[in-house]
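Asks: Sharing a structure here in C-alpha cells format.
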Amino acid sequence: MQTSTRVKAPVLEIKNFNVDYGLGDEAVQAVRDVTLTLHRGEVLGLAGESGSGKSTLAYGVTRLLPPPGVISGGSVVYHPPTGDSYDVMGLTNAELRAFRWAETSIVFQGAMNSLNPVHKVSTQMLDVIRAHEPQLSQEARVARAKEMLKLVGISADRMDAYPHQLSGGMRQRVMIGMALVLEPQVVIMDEPTTALDVVMQRQILAQLVELRERLGFSVLFITHDLSLLVEFSDRIAIMYGGRIVEEARSADLYKDSLHPYSEGLLKSFPALRGPRRDLSGIPGSPPDLRGMPSGCAFHPRCPHAFDRCSTEIPVLGVPEARNDPDRSVACWLPGRVPVA
Amino acid sequence: MKFLLQRIVFYLFTAWAAITINFFIPRMIPGDPVTSLINKFQGQMSTEAINSLYVLFGLDENASLWSQYVDYWGQIFHGDLGLSFTFFPTPVSEILKQSLPWTIALVGITTFASFMIGTSLGVLAGWRRGSWLDGLLPVTTFLSSIPYFWLGLLAITLFAGPDSFFPSSGGYEPGLVPSWDREFIASAIQHSLLPAITILISSVSGWILSMRNMMVTVASEDYITVAHAKGLSERRVMVSYAARNALLPNVSGFALSLGFIVGGTLLVEIVFSYPGIGYNLFQAVGSKDYPLMQGVFLVITMSVLMANLVADVAYLLLDPRTRKEG
C-alpha cells in the first residue's frame with residue numbers, strides 16, 4: 001500500500017506549532033513545538049496515547065480549537081495545487097471560511113454526532129457546496145452530492161434520510177463523503193473509525209485507500225491504534241506529551257523503531273503478520289500536562305533512561321546511527337542523538 | 001398519521017373527563033346563589049319567591065344529578081352554556097363572546113411577542129456566551145421573579161393616574177362604544193399597553209433563560225464543530241445548526257403557554273380590571289355564578305387541550321426523530 005514512489009511535494013507544513021489551554025501561568029501546554037510536513041498524496045499517521053495532544057493538534061491546525069484552547073505560536077503553511085502558498089494562521093475570518101472544507105476537510109471522532117439530527121443528509125451535504133461554490137446550480141449540487149455518496153457506498157436514495165435512520169457505519173461513510181465533496185487537498189481524520197466495529201473499520205479504511213488513489217488527496221490520520229497505521233499509512237509520527245518524538249516511514253518504524261516509546265507502543269498490540277512477539281505494554285501512565293517531567297517527558301516511564309534524560313529536552317532530528325533524511329527521533333540514547 | 005390519530009383520541013377522552021369534572025365541581029362547592037341572594041335581602045323574601053328563584057336558576061332540587069348531567073351535555077352541544085347569575089339574564093356564551101377577544105388580543109399577542117423576543121435574545125446570549133448580553137441575564141431573572149400582581153400594582157402606582165398617558169383600568173375609554181373605528185382601537189391599544197408591558201417583563205426572561213441554556217448545550221455538540229469546519233457562515237451555523245436544534249424544547253413550551261393564555265390571565269385582568277375572561281372568572285367565583293364558572297372553565301380546558309395538540313404537531317414537524325416510519 002505504500003506509495004513512496006510519489007514525488008515528495010509538501011501540501012501542509014506545520015512549523016513550530018504550540019497550543020495552550022488557558023492563558024498566563026495557569027496555561028497547560030498541550031502541543032509543544034510540533035513540526036510536521038504532510039506531502040501531496042500521502043497518508044501521514046499520527047499516533048499516541050490519549051492526552052498526547054494529537055487531536056488538539058488537528059483542531060489547532062484548522063483553527064477550530066474551542067476555548068480555552070489558544071494557538072500560542074507556529075505556522076501552518078498550505079501549498080495549493082496552483083498559486084502561492086499561505087499561512088493558515090494568518091487568514092482573515094472570511095478567508096478561513098473559504099479555506100475550510102474546500103482545501104482541508106475533517107472527519108471527526110464522533111461518527112454518531114457529527115451529523116445534525118434535525119437536517120436531512122441532503123441538506124447537510126448541499127449547504128457546504130452552496131457555501132463554497134455558490135455559482136453552481138441546484139441540480140449540479142445534487143448530482144455532485146449523489147455521486148460522492150455513491151463513491152463511499154451509500155445509495156443515492158439515502159440523500160433524503162435523516163441521520164437517525166442510518167447505521168453508525170453509514171453515518172461515518174456519509175461524513176467521509178461529505179469531507180470529499182469539495183475535493184479538498186487535505187483530509188484530516190481524527191479517529192474516524194474508533195466508534196465502529198472492526199469489520200466496519202476495515203471496510204471503511206479500504207474504501208478510503210481506494211478513494212485516495214482516485215482523488216489524490218493527502219490524509220493526516222490520527223489514531224491511538226498504531227497497528228492500523230502500520231498497515232495503512234505511508235509515514236508515521238509518534239506523539240508523546242505534546243511533542244513529536246519519532247517520525248519515520250511505516251515499515252521502518254515497525255521493523256526498527258528508535259524511540260523507546262514507539263517501541264513500547266509497538267509491543268502493546270499483537271502483530272497481524274510475521275513472527276509472534278511478546279506483548280509488554282508501557283508501564284506507568286501518560287504524563288499530566290499540568291506538571292510535565294523535566295527533560296524528556298517520557299523518562300519516568302522509559303526503561304533506558306539515564307541522567308541526561310531528566311535534565312535536557314531531546315531535540316527531534318535525523319539520528320546519527322541511521323543516515324536517512326526520512327527518519328527523525330528525539331532521544332538521548334547513543335546513536336539516536338541527532339547529527340549536529 | 002397514526003400517531004396523530006392516537007393523540008386526538010386521547011385528547012377527546014381528556015376533554016370528556018374535564019367537562020364531566022367541570023360539571024361536578026361547582027355543585028360540590030357549599031352554598032348556592034339563591035342563598036346568597038336571600039342573604040342579600042336579609043330575610044325579606046317569601047317562601048314562594050325563594051322557590052321560584054330556585055326553579056328559575058335551574059337549581060330545582062327535584063331534578064336528579066344524572067338528568068342534570070344529561071341536560072348539561074345536550075346544552076354544551078347546542079352551544080348553550082346557560083344563563084349567568086350575575087349578569088342575569090344574559091347567556092354565558094354571550095358574555096364569553098364579549099370577553100374572549102380581549103383576553104386573546106392582550107395576552108395572545110404579548111405571549112407571542114414575549115416568546116419571539118425571549119427566544120431571539122436567548123439565541124444571541126447563548127451563542128456569544130460571556131458577552132454583555134449574557135451578563136444581563138441575572139437582571140431579567142430578577143424581574144421575572146417579582147410576583148406578577150405586585151409588579152402590576154407597582155406599574156399602576158408609578159405610571160397610571162389621572163394625568164398619565166396610561167389608564168389604570170378597563171379595556172377602553174368608558175364613553176366609547178366598541179367598534180372597528182380608529183378612535184376605539186387607539187383607546188384599546190392605549191389601555192392594553194401597561195398590562196402588556198408588565199406581562200412581557202415577567203415572562204420574557206423565562207424564554208431567554210431556557211433558550212440560552214439550550215444554545216450553550218447545543219453549541220458544544222460535535223455537529224456544530226463540523227458546521228464550523230465546513231466553512232459555513234457564522235450566521236448559518238448559529239441559526240440553522242445551533243438555534244434550530246436548541247429551539248425544540250422552547251417550541252413545546254410555547255405551545256403549552258398558548259393554552260395558559262386564557263387561564264393564566266386572571267391576575268392581569270384583576271389588577272388592571274381588564275374586561276377579559278379572567279375577570280369574568282373572578283366575578284363568577286365572587287357571586288357563585290356556576291354557569292359562568294363552568295363556561296370559563298370549559299374555555300380554559302379546551303384551549304389547554306388545543307395547545308397540547310399544537311405542541312404535538314409542532315414537535316412532529318420540527319424533530320424528525322419523533323416521526324415514526326410508515
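In the C-alpha cells, chains take the letters A, B, ... in the order shown, each chain's residues start at 1, and ligands count up from 1 in the order shown.
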Using only C-alpha atoms, find each residue of chain A with at least one atom at most 6 Å away from an atom of chain B; report its shortest atom-to-atom pair and that distance in Å (one decimal), sort the rows by chain and rising residue number, and return the result as a Markdown table.

Replies:
```
| residue | atom | partner | partner_atom | distance |
| --- | --- | --- | --- | --- |
| A:Arg97 | CA | B:Gly231 | CA | 4.2 |
| A:Arg100 | CA | B:Gly231 | CA | 5.0 |
| A:Trp101 | CA | B:Lys230 | CA | 5.0 |
| A:Asn113 | CA | B:Asp222 | CA | 5.6 |
| A:Ser114 | CA | B:Tyr223 | CA | 4.3 |
| A:Leu115 | CA | B:Tyr223 | CA | 5.3 |
| A:Asn116 | CA | B:Tyr223 | CA | 5.5 |
| A:Val118 | CA | B:Asp319 | CA | 5.8 |
| A:Ala131 | CA | B:Leu232 | CA | 6.0 |
```

Asks: How about saving the chosen residues, N, CA and C atoms kept, as a short mmCIF file (atom, residue, chain, number, x, y, z; two decimals), in the first residue's frame?

Replies:
```cif
data_model
loop_
_atom_site.label_atom_id
_atom_site.label_comp_id
_atom_site.auth_asym_id
_atom_site.auth_seq_id
_atom_site.Cartn_x
_atom_site.Cartn_y
_atom_site.Cartn_z
N ARG A 97 -12.93 30.77 6.28
CA ARG A 97 -14.15 30.02 5.92
C ARG A 97 -14.03 29.43 4.53
N ARG A 100 -11.56 26.44 4.72
CA ARG A 100 -12.08 25.25 5.38
C ARG A 100 -12.91 24.41 4.41
N TRP A 101 -12.77 23.13 4.50
CA TRP A 101 -13.51 22.13 3.75
C TRP A 101 -13.13 22.12 2.27
N ASN A 113 -22.27 11.69 16.21
CA ASN A 113 -22.79 13.03 16.50
C ASN A 113 -22.33 14.10 15.52
N SER A 114 -21.65 13.68 14.46
CA SER A 114 -21.14 14.68 13.54
C SER A 114 -22.20 15.22 12.61
N LEU A 115 -23.31 14.48 12.49
CA LEU A 115 -24.39 14.93 11.62
C LEU A 115 -25.48 15.57 12.48
N ASN A 116 -26.02 16.66 11.99
CA ASN A 116 -27.09 17.33 12.71
C ASN A 116 -28.38 16.49 12.62
N VAL A 118 -31.47 17.01 13.02
CA VAL A 118 -32.75 17.52 12.51
C VAL A 118 -32.71 17.86 11.02
N ALA A 131 -22.18 26.88 0.13
CA ALA A 131 -21.35 27.88 0.81
C ALA A 131 -20.06 28.14 0.04
#
```

Asks: Show me, as an NGL selection string, the residues that have an atom within 6 Å of Asn18 in chain A when counting only C-alpha atoms, minus same-chain residues fewer than 4 positions from it.

Replies: :A and (31-33 or 71-73)

Asks: Find the distance between CA of Thr322 in chain B and CA of Val121 in chain A and write it in Å to one decimal.

Replies: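 Between CA of Thr322 in chain B and CA of Val121 in chain A the gap is 17.0 Å.
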
Asks: Residues at most 10 Å from Phe24 in chain B, counting only C-alpha atoms, excluding those fewer than 6 positions away in the same chain, as a list in words?

Replies: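 Answer for this query is Leu65, Tyr69 and Gln294 of chain B.
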
Asks: Could you write out that same residue set with C-alpha atoms as a PDB file, in the first residue's frame?

Replies:
```
ATOM      1  CA  LEU B  65     -77.932  14.782  39.273  1.00  0.00           C
ATOM      2  CA  TYR B  69     -75.705  15.859  33.665  1.00  0.00           C
ATOM      3  CA  GLN B 294     -68.433  26.376  34.045  1.00  0.00           C
TER       4      GLN B 294
END
```

Asks: Please provide as a list in words all residues within 8 Å of range 189-203 of chain B, with the sequence filter that same-chain residues fewer than 5 positions apart are discarded (counting only C-alpha atoms).

Replies: Leu106, Val107, Thr110, Thr111, Ala113, Ser114, Thr140, Leu143, Ser144, Ser145, Ile146, Tyr148, Leu151, Gly152, Ala155, Ile156, Phe165, Phe166, Pro167, Ser168, Ser169, Gly170, Gly171, Tyr172, Val268 and Phe272 of chain B

Asks: Report as number ranges by chain all protein, DNA and RNA residues lying within 12 Å of Leu220 in chain A, evaluated on only C-alpha atoms, omitting residues in the same chain fewer than 4 positions from it.

Replies: A: 11-14, 36-47, 54-55, 57-58, 61, 104-108, 185-192, 229, 232-237

Asks: Go through B:Val216, B:Leu247, B:Ala307, B:Met28 one by one, measure the shortest atom-to-atom distance of each to Gly118 in chain B using only C-alpha atoms, and give the residue with the smallest value.

Replies: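 For Gly118 in chain B, the nearest of the candidates is B:Leu247.
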